[in-house]
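Only one structure is covered here, and it is reproduced in the block below.
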Amino acid sequence: MTTQNLDIKEFLDQDQKKDLLRLLTAGSVDDGKSTLIGRLMFDSKMLYEDQLSALERDSKRVGHAGENIDYALLLDGLKAEREQGITIDVAYRYFSTSKRKFIIADTPGHEQYTRNMITGGSTANLAIILVDATKGVITQTRRHTFLVSLLGIKHILLAVNKMDLVGYSQQVFDDICSEYRAFVTQLDIPDLNFIPLSALKGDNVVELSGNTPWYHGQGMLEFLENVHVSSDRNYEDFRFPVQYVVRPDLRFRGFAGNIASGIINSGDEIVALPSRKESKVKRIVTYDGNPDQAFPPQAVTIELEDEIDISRGEMLVLPDNMPRIDRHFEAMLVWMDEEPMDTATHFFLKHTTNNVRAHIDRLNYKIDVNSLQKSIVDNLQLNEIGRAVLTTAKPIFFDPYKKNRNTGSFVLINPVTNNTVAVGMILDKLESKNLPSRITDIEKETIRKGKSLISPDSREKKLNQKGVTLWFTGLHGSGKNELAFSLEKKLFDNNAVAVLLDGSSVRSGLNRELDYSPADRAENLRRVGHIARILNDHGIIAICSFISRNDSVRNQIADIIGRDKFHLFYMKASLEYCRHNKPELYEKAEKGEIDYLPGVDLEYEEPANASLVFDPAENELNIDKIIDYLEKNKIFPLK
Amino acid sequence: MKEYSLTNLRELETEAIHIIREVAAEFENPVMLYSIGKDSSVMVRLAEKAFYPGKVPFPLMHIDSKWKFREMIEFRDNYAREKGWNLIVHYNKQGYESGIGPFSHGSKVHTDVMKTQALLEGLNKYKFDAAFGGARRDEEKSRAKERIFSFRDRFHQWDPKNQRPELWNIYNARVHKGESIRVFPLSNWTELDIWQYIRLEKIPIVPLYYAKERPVVDVEGNLILVDDDRMPPEMSAKAKMKRVRFRTLGCYPLTGAVESDADTIEKIVEEMMTVTKSERTTRVIDFDQEASMEQKKREGYF
């Protein structure tokens, strides 16, 4: 350091003005990531002497770098993982130069630790993605890049490491760069940079290396010192989530919080959400005086002109620039918990300073971090990423994550374990009314067509039966009703779901206005046919017991119900037998007191195509015949 | 467009204020652990800023091992009185009465009884559900992996393999009864940031941080101050006057001084920028066993 040439106070005043860059480093286990970070810290002279000597001691015992200093040992903190030779959690590293302070979130490249990379990257402005020059762009590179774009990190530095192992070949470097560029076009990364380096040998880390004379860019440290990130923040949309109400006495009430985005001036008109009460900023209060203006991410306390009731979790915004206010939104979710997603859980959702209950309405798809392929799944497991629709118990005030990291991000907390089980990034606007709740677009179309969302298959599986109609035809008094009712009871006992329709049940209400004329008889049966069809469509067995005197009417019914579902059973009884059973009715008809009794003054046509024909005398046997028939024809039971 | 950007120190400040307010808002009974050291001094200043013009809405607690430098206690009492803090001082009464101390029992027993046990006792006694600590991630390797909201089970233990994901500035403050969270608002600060901030904010610190002629004994390379007559006479007999200062403060027999001429804050920062030793090397307790800090943290020590 050249402090001698400067007055120390002046130097410190200057040094205090440096800004902060938060970066994420990602690479696979063998890419030499820890070595690179160690090198950055070492070469920027911030590696303390004693850490270094401790390092030399440790290297000899568990080091993986042979005789050289193992920079990685500096970084792999925890005892258990030190032996494994891999970094397994997010670790934060700090170093600074005279231009900038750097915070490095060092995250592992190993597959099951997507969780940690997401954690480490959430606050990063820039991501360094390492590739091994000998291997090029591999699956892990693509995965890391996808996660970086998901997190909305705007700057990527692709560090092509181990250039020493490929003879510092420009061709190798260029090939890797173009392959990577081609991949990145499908993602949203505004700023892409490439540096060829060897972390082990120190090429292009701090000093530009003579080994890569064809490379005309900056060394890594120089690049990191100069990359412009402060404009990445959202300065347009003023959002102030109220974090804490400061009320030392009756004279002062202020709303404390960090400016999430946008600019606020004293005197500005504001609206409080969700009350939509309006007021004006009286003062912006801080311990260090009352500035006229505040910007993100400053921590301030806002005092308003009017006394309006505002509490934590509410938000101050400008009247002409509102966030979305909704209970219903779509987000990318990253599942962070060992326990898979259970959509029945009512989570706590923490968003800005707001805690609300929320549930996952629907998982649209899962996205494979390696292939970026989408697939339909029932839930998400640890480290899986999916697009989901959520509903909160109360409206929240948000913006799409892409536009506003602070008001577009949230976490889900399991109410039983209190673990943070998922994190979410709210997606760009889809009107709430267009969002599916538990209904997909396909389902919507199905409903529009008037069709059920439950497939015949799932009904069959659940009910263990096919929805068919068992149609009993026969004369009055033939005993078809006795058989039909006994069958209903038998099926009920066997756990089948059946509904019985007969003349008295439909004529007592539904078809009350119909008489027994041939026309009304036909109408009566038409209606029964439709009821049976509805029942069948819902998987229910319809047992219908009706005289249905000729093939013409029976075929009509079969057409309504569907021929494949219509099973015709004939109770073949002689007129004698019937008259014996129902003497009064037949007498009346024969005397002309009543009209239109089939077999008397209307012809009864025997069915030509009945599936089963019964003899009323064989009562018990007939039931067994039907049960046998149902089983053989795979109607009931199905298994 | 006007350039809206914060310096490193101001950005760290806003982050810490956010964390402190979040704890005050979400926990029923938080406490700020106050160790009298430079980091604590910065942390308390940040708390004052967070609730200004209101008062800090939670108490401070000092775990007194009864072996702190006398100047620390003096500073604590004067400063707390002047600021009107609600300060709780807790010590392990049983340990104190049995005469536990580093000279007689060694650093390991002393630290365990008078620091770790005393801390757990204090936290349990007042049923605090959140405790702020001034630890920084740059201090030590295992701390580099710890979350800002660090979950502790009913026995105050930390499980490094089972930490809650922590994203953006959204902190999960949910705990069951008996569990707690340790909160580290200075996680992203470095030692240099602390000193720069003390300078920027003119924060009063214990005079032991400034270089002065002091009687010290060289114990295996650690310069131990003769702070009171509890130091064994055969040891204090070897004392020599040296111009020294302390980079960290703790129990005087366990905290080594460094030879230095830095008697102003500027000189300290300058020394910091060119220093070649990290601060914890002046703490004797870290050398007990490999990865000893991680072990202590698992057991509930900060």
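By order in the structure tokens, chains are A, B, ...; within a chain, residues start at 1; ligands start at 1, following the order shown.
Residue neighbourhood of Gln381 of chain A, excluding near-sequence residues (fewer than 6 positions): Trp335, Pro340 and Met341 of chain A, at 7 Å, using only C-alpha atoms.
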Within 7 Å of chain B: residues of chain A, using only C-alpha atoms, as a count of residues only: 41
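Closest approach to Gly467 of chain A among A:Gln373, A:Asn536, A:Asn481, A:Thr185 is made by A:Asn536 (distances from only C-alpha atoms).
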Kindly assemble as JSON lines a list of the segment 182-291 of chain A residues that lie within 9 Å of segment 405-412 of chain A, each paired with its nearest atom pair and their distance in Å to one decimal, using only C-alpha atoms, sorted first by chain and then by ascending residue number.
```
{"residue": "A:Arg233", "atom": "CA", "partner": "A:Arg405", "partner_atom": "CA", "distance": 8.5}
{"residue": "A:Asn234", "atom": "CA", "partner": "A:Arg405", "partner_atom": "CA", "distance": 8.5}
{"residue": "A:Arg239", "atom": "CA", "partner": "A:Thr407", "partner_atom": "CA", "distance": 7.9}
{"residue": "A:Pro241", "atom": "CA", "partner": "A:Thr407", "partner_atom": "CA", "distance": 8.7}
{"residue": "A:Ala260", "atom": "CA", "partner": "A:Asn406", "partner_atom": "CA", "distance": 5.7}
{"residue": "A:Ser261", "atom": "CA", "partner": "A:Asn406", "partner_atom": "CA", "distance": 7.5}
```
Write out, as a PDB file, in the first residue's frame, the residues just selected, with C-alpha atoms.
```pdb
ATOM      1  CA  ARG A 233     -31.370  -1.645  -8.859  1.00  0.00           C
ATOM      2  CA  ASN A 234     -34.906  -0.516  -9.540  1.00  0.00           C
ATOM      3  CA  ARG A 239     -41.967   0.600  -2.746  1.00  0.00           C
ATOM      4  CA  PRO A 241     -42.570  -2.108   2.986  1.00  0.00           C
ATOM      5  CA  ALA A 260     -37.145  -1.621  -1.543  1.00  0.00           C
ATOM      6  CA  SER A 261     -37.092   0.296  -4.820  1.00  0.00           C
TER       7      SER A 261
END
```
When you look at Ile534 of chain A with a cut-off of 12 Å (counting only C-alpha atoms), what residues show up, excluding the ones that are within fewer than 5 positions of it in the same chain? I need them as number ranges by chain. A: 451-452, 467-469, 499, 527-529, 539-542, 560-562, 565
Expected file: the selected residues, C-alpha atoms, as an mmCIF file, in the first residue's frame:
```cif
data_model
loop_
_atom_site.group_PDB
_atom_site.id
_atom_site.type_symbol
_atom_site.label_atom_id
_atom_site.label_comp_id
_atom_site.auth_asym_id
_atom_site.auth_seq_id
_atom_site.Cartn_x
_atom_site.Cartn_y
_atom_site.Cartn_z
ATOM 1 C CA LYS A 451 -67.701 -32.448 -19.655
ATOM 2 C CA SER A 452 -66.614 -33.645 -16.284
ATOM 3 C CA GLY A 467 -71.471 -47.317 -15.297
ATOM 4 C CA VAL A 468 -74.032 -49.283 -17.300
ATOM 5 C CA THR A 469 -77.774 -49.620 -17.455
ATOM 6 C CA VAL A 499 -79.571 -46.597 -8.517
ATOM 7 C CA ARG A 527 -86.691 -39.273 -19.786
ATOM 8 C CA VAL A 528 -85.728 -42.408 -17.910
ATOM 9 C CA GLY A 529 -83.188 -43.133 -20.610
ATOM 10 C CA GLY A 539 -69.957 -44.382 -13.138
ATOM 11 C CA ILE A 540 -73.152 -45.510 -11.476
ATOM 12 C CA ILE A 541 -75.058 -48.653 -12.432
ATOM 13 C CA ALA A 542 -78.666 -47.853 -13.335
ATOM 14 C CA ILE A 560 -79.871 -42.550 -25.649
ATOM 15 C CA ILE A 561 -77.813 -44.518 -23.161
ATOM 16 C CA GLY A 562 -75.331 -45.867 -25.657
ATOM 17 C CA LYS A 565 -73.879 -49.540 -21.888
#
```
Could you check the closest approach to Pro185 of chain B for each of B:Met272, B:Val206, B:Ile148, B:Ala130 and tell me which residue wins, using only C-alpha atoms?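 Residue with the minimum atom-to-atom distance to Pro185 of chain B: B:Ile148.
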Can you tell me, as a PDB file with N, CA, C and O atoms, in the first residue's frame, which residues in segment 114-294 of chain B count as strand (DSSP E) by DSSP?
```pdb
ATOM      1  N   ALA B 130     -34.527 -14.489  21.010  1.00  0.00           N
ATOM      2  CA  ALA B 130     -33.555 -14.096  19.985  1.00  0.00           C
ATOM      3  C   ALA B 130     -32.426 -13.348  20.679  1.00  0.00           C
ATOM      4  O   ALA B 130     -32.669 -12.573  21.602  1.00  0.00           O
ATOM      5  N   ALA B 131     -31.221 -13.610  20.252  1.00  0.00           N
ATOM      6  CA  ALA B 131     -30.077 -12.933  20.862  1.00  0.00           C
ATOM      7  C   ALA B 131     -29.146 -12.435  19.759  1.00  0.00           C
ATOM      8  O   ALA B 131     -28.675 -13.217  18.934  1.00  0.00           O
ATOM      9  N   PHE B 132     -28.916 -11.126  19.754  1.00  0.00           N
ATOM     10  CA  PHE B 132     -27.985 -10.556  18.786  1.00  0.00           C
ATOM     11  C   PHE B 132     -26.562 -10.795  19.248  1.00  0.00           C
ATOM     12  O   PHE B 132     -26.258 -10.616  20.437  1.00  0.00           O
ATOM     13  N   PHE B 149     -29.538 -15.289  10.545  1.00  0.00           N
ATOM     14  CA  PHE B 149     -30.458 -15.806  11.569  1.00  0.00           C
ATOM     15  C   PHE B 149     -30.061 -17.258  11.789  1.00  0.00           C
ATOM     16  O   PHE B 149     -30.364 -18.118  10.984  1.00  0.00           O
ATOM     17  N   SER B 150     -29.369 -17.518  12.906  1.00  0.00           N
ATOM     18  CA  SER B 150     -28.823 -18.845  13.133  1.00  0.00           C
ATOM     19  C   SER B 150     -29.689 -19.576  14.146  1.00  0.00           C
ATOM     20  O   SER B 150     -29.727 -19.222  15.325  1.00  0.00           O
ATOM     21  N   PHE B 151     -30.376 -20.617  13.644  1.00  0.00           N
ATOM     22  CA  PHE B 151     -31.330 -21.340  14.483  1.00  0.00           C
ATOM     23  C   PHE B 151     -30.627 -22.158  15.567  1.00  0.00           C
ATOM     24  O   PHE B 151     -29.627 -22.813  15.303  1.00  0.00           O
ATOM     25  N   ARG B 152     -31.158 -22.101  16.783  1.00  0.00           N
ATOM     26  CA  ARG B 152     -30.639 -22.931  17.883  1.00  0.00           C
ATOM     27  C   ARG B 152     -31.771 -23.737  18.480  1.00  0.00           C
ATOM     28  O   ARG B 152     -32.872 -23.227  18.667  1.00  0.00           O
ATOM     29  N   SER B 180     -34.529 -20.920  19.846  1.00  0.00           N
ATOM     30  CA  SER B 180     -34.194 -19.504  19.692  1.00  0.00           C
ATOM     31  C   SER B 180     -33.370 -19.281  18.431  1.00  0.00           C
ATOM     32  O   SER B 180     -33.000 -20.223  17.738  1.00  0.00           O
ATOM     33  N   ILE B 181     -33.123 -18.027  18.173  1.00  0.00           N
ATOM     34  CA  ILE B 181     -32.314 -17.649  17.016  1.00  0.00           C
ATOM     35  C   ILE B 181     -31.193 -16.754  17.527  1.00  0.00           C
ATOM     36  O   ILE B 181     -31.413 -15.869  18.346  1.00  0.00           O
ATOM     37  N   ARG B 182     -29.987 -17.025  17.053  1.00  0.00           N
ATOM     38  CA  ARG B 182     -28.901 -16.068  17.289  1.00  0.00           C
ATOM     39  C   ARG B 182     -28.819 -15.228  16.023  1.00  0.00           C
ATOM     40  O   ARG B 182     -28.859 -15.778  14.912  1.00  0.00           O
ATOM     41  N   VAL B 183     -28.719 -13.960  16.192  1.00  0.00           N
ATOM     42  CA  VAL B 183     -28.751 -13.066  15.031  1.00  0.00           C
ATOM     43  C   VAL B 183     -27.439 -12.294  14.933  1.00  0.00           C
ATOM     44  O   VAL B 183     -26.976 -11.721  15.922  1.00  0.00           O
ATOM     45  N   LYS B 212      -0.512   2.035  24.389  1.00  0.00           N
ATOM     46  CA  LYS B 212      -0.097   2.733  25.595  1.00  0.00           C
ATOM     47  C   LYS B 212       0.952   1.857  26.273  1.00  0.00           C
ATOM     48  O   LYS B 212       0.973   0.638  26.037  1.00  0.00           O
ATOM     49  N   GLU B 213       1.777   2.466  27.089  1.00  0.00           N
ATOM     50  CA  GLU B 213       2.728   1.681  27.895  1.00  0.00           C
ATOM     51  C   GLU B 213       1.935   0.876  28.912  1.00  0.00           C
ATOM     52  O   GLU B 213       1.175   1.442  29.707  1.00  0.00           O
ATOM     53  N   ARG B 214       2.072  -0.459  28.860  1.00  0.00           N
ATOM     54  CA  ARG B 214       1.317  -1.280  29.814  1.00  0.00           C
ATOM     55  C   ARG B 214       2.204  -2.424  30.289  1.00  0.00           C
ATOM     56  O   ARG B 214       3.051  -2.917  29.534  1.00  0.00           O
ATOM     57  N   PRO B 215       1.990  -2.867  31.538  1.00  0.00           N
ATOM     58  CA  PRO B 215       2.790  -3.996  32.034  1.00  0.00           C
ATOM     59  C   PRO B 215       2.279  -5.311  31.460  1.00  0.00           C
ATOM     60  O   PRO B 215       1.120  -5.662  31.682  1.00  0.00           O
ATOM     61  N   VAL B 216       3.084  -6.003  30.683  1.00  0.00           N
ATOM     62  CA  VAL B 216       2.646  -7.265  30.090  1.00  0.00           C
ATOM     63  C   VAL B 216       3.651  -8.377  30.332  1.00  0.00           C
ATOM     64  O   VAL B 216       4.847  -8.136  30.492  1.00  0.00           O
ATOM     65  N   VAL B 217       3.129  -9.602  30.352  1.00  0.00           N
ATOM     66  CA  VAL B 217       3.963 -10.784  30.513  1.00  0.00           C
ATOM     67  C   VAL B 217       3.930 -11.567  29.201  1.00  0.00           C
ATOM     68  O   VAL B 217       2.860 -11.756  28.622  1.00  0.00           O
ATOM     69  N   ASP B 218       5.074 -11.988  28.753  1.00  0.00           N
ATOM     70  CA  ASP B 218       5.119 -12.771  27.519  1.00  0.00           C
ATOM     71  C   ASP B 218       4.860 -14.241  27.839  1.00  0.00           C
ATOM     72  O   ASP B 218       5.672 -14.904  28.480  1.00  0.00           O
ATOM     73  N   VAL B 219       3.667 -14.751  27.432  1.00  0.00           N
ATOM     74  CA  VAL B 219       3.358 -16.166  27.654  1.00  0.00           C
ATOM     75  C   VAL B 219       3.292 -16.856  26.288  1.00  0.00           C
ATOM     76  O   VAL B 219       2.332 -16.695  25.552  1.00  0.00           O
ATOM     77  N   ASN B 222       2.260 -14.739  23.547  1.00  0.00           N
ATOM     78  CA  ASN B 222       1.117 -13.881  23.822  1.00  0.00           C
ATOM     79  C   ASN B 222       1.469 -12.906  24.936  1.00  0.00           C
ATOM     80  O   ASN B 222       1.946 -13.306  25.993  1.00  0.00           O
ATOM     81  N   LEU B 223       1.195 -11.627  24.660  1.00  0.00           N
ATOM     82  CA  LEU B 223       1.504 -10.618  25.666  1.00  0.00           C
ATOM     83  C   LEU B 223       0.283 -10.419  26.556  1.00  0.00           C
ATOM     84  O   LEU B 223      -0.749  -9.888  26.131  1.00  0.00           O
ATOM     85  N   ILE B 224       0.379 -10.904  27.810  1.00  0.00           N
ATOM     86  CA  ILE B 224      -0.757 -10.877  28.733  1.00  0.00           C
ATOM     87  C   ILE B 224      -0.585  -9.712  29.705  1.00  0.00           C
ATOM     88  O   ILE B 224       0.456  -9.560  30.349  1.00  0.00           O
ATOM     89  N   LEU B 225      -1.644  -8.902  29.802  1.00  0.00           N
ATOM     90  CA  LEU B 225      -1.600  -7.718  30.658  1.00  0.00           C
ATOM     91  C   LEU B 225      -1.751  -8.117  32.131  1.00  0.00           C
ATOM     92  O   LEU B 225      -2.566  -8.974  32.476  1.00  0.00           O
ATOM     93  N   LYS B 240       6.834  -6.780  31.960  1.00  0.00           N
ATOM     94  CA  LYS B 240       7.680  -5.713  31.435  1.00  0.00           C
ATOM     95  C   LYS B 240       6.772  -4.631  30.855  1.00  0.00           C
ATOM     96  O   LYS B 240       5.702  -4.936  30.349  1.00  0.00           O
ATOM     97  N   MET B 241       7.189  -3.414  30.930  1.00  0.00           N
ATOM     98  CA  MET B 241       6.400  -2.345  30.321  1.00  0.00           C
ATOM     99  C   MET B 241       6.655  -2.366  28.818  1.00  0.00           C
ATOM    100  O   MET B 241       7.783  -2.359  28.354  1.00  0.00           O
ATOM    101  N   LYS B 242       5.537  -2.430  28.095  1.00  0.00           N
ATOM    102  CA  LYS B 242       5.660  -2.390  26.629  1.00  0.00           C
ATOM    103  C   LYS B 242       4.563  -1.507  26.079  1.00  0.00           C
ATOM    104  O   LYS B 242       3.492  -1.384  26.667  1.00  0.00           O
ATOM    105  N   ARG B 243       4.832  -0.936  24.902  1.00  0.00           N
ATOM    106  CA  ARG B 243       3.808  -0.128  24.269  1.00  0.00           C
ATOM    107  C   ARG B 243       2.930  -1.095  23.463  1.00  0.00           C
ATOM    108  O   ARG B 243       3.341  -1.619  22.429  1.00  0.00           O
ATOM    109  N   VAL B 244       1.748  -1.330  23.979  1.00  0.00           N
ATOM    110  CA  VAL B 244       0.882  -2.353  23.365  1.00  0.00           C
ATOM    111  C   VAL B 244      -0.549  -1.847  23.242  1.00  0.00           C
ATOM    112  O   VAL B 244      -0.924  -0.862  23.873  1.00  0.00           O
ATOM    113  N   ARG B 245      -1.292  -2.566  22.416  1.00  0.00           N
ATOM    114  CA  ARG B 245      -2.737  -2.346  22.355  1.00  0.00           C
ATOM    115  C   ARG B 245      -3.408  -3.693  22.115  1.00  0.00           C
ATOM    116  O   ARG B 245      -2.732  -4.701  21.853  1.00  0.00           O
ATOM    117  N   VAL B 258      -0.893  -6.731  21.325  1.00  0.00           N
ATOM    118  CA  VAL B 258       0.129  -6.644  20.281  1.00  0.00           C
ATOM    119  C   VAL B 258       0.940  -5.372  20.501  1.00  0.00           C
ATOM    120  O   VAL B 258       0.414  -4.359  20.965  1.00  0.00           O
ATOM    121  N   GLU B 259       2.205  -5.451  20.185  1.00  0.00           N
ATOM    122  CA  GLU B 259       3.033  -4.252  20.303  1.00  0.00           C
ATOM    123  C   GLU B 259       2.633  -3.307  19.188  1.00  0.00           C
ATOM    124  O   GLU B 259       2.467  -3.730  18.037  1.00  0.00           O
TER     125      GLU B 259
END
```
Please extract the residues of segment 105-298 of chain B with a backbone DSSP assignment of alpha helix (DSSP H) and present them as a PyMOL selection string. chain B and resi 105-110+118-125+191-201+233-236+265-274+292-298
6 Å contact set for segment 107-121 of chain B, only C-alpha atoms, chain neighbours under 6 positions out, as a PDB file with N, CA and C atoms, in the first residue's frame:
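The resulting file, out_3.pdb, is shown below:
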```pdb
ATOM      1  N   SER B  65     -17.617 -12.690  32.706  1.00  0.00           N
ATOM      2  CA  SER B  65     -16.874 -13.884  33.129  1.00  0.00           C
ATOM      3  C   SER B  65     -16.121 -13.620  34.422  1.00  0.00           C
ATOM      4  N   TYR B  91     -23.707 -13.232  35.368  1.00  0.00           N
ATOM      5  CA  TYR B  91     -22.518 -14.071  35.494  1.00  0.00           C
ATOM      6  C   TYR B  91     -22.907 -15.396  36.119  1.00  0.00           C
ATOM      7  N   ASN B  92     -22.064 -16.386  35.945  1.00  0.00           N
ATOM      8  CA  ASN B  92     -22.321 -17.707  36.519  1.00  0.00           C
ATOM      9  C   ASN B  92     -21.950 -17.678  37.994  1.00  0.00           C
ATOM     10  N   GLY B 101     -11.380 -19.926  37.368  1.00  0.00           N
ATOM     11  CA  GLY B 101     -10.631 -18.879  36.677  1.00  0.00           C
ATOM     12  C   GLY B 101      -9.619 -19.503  35.760  1.00  0.00           C
ATOM     13  N   TYR B 301     -21.905 -21.833  22.374  1.00  0.00           N
ATOM     14  CA  TYR B 301     -21.095 -20.627  22.436  1.00  0.00           C
ATOM     15  C   TYR B 301     -21.285 -19.882  21.127  1.00  0.00           C
TER      16      TYR B 301
END
```
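Across the structure, atom CA of Phe146 of chain A and atom CA of Leu224 of chain A are spaced 21.5 Å apart.
Closest approach to Val334 of chain A among A:Ile385, A:Leu208, A:Ala26, A:Ala272: A:Ile385, based on only C-alpha atoms.
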Length of the atom CA of Phe240 of chain A to atom CA of Phe348 of chain A vector [Å]: 21.4 Å
What gap, in Å, lies between atom CA of Gln556 of chain A and atom CA of Arg512 of chain A?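 Separation between atom CA of Gln556 of chain A and atom CA of Arg512 of chain A: 21.5 Å.
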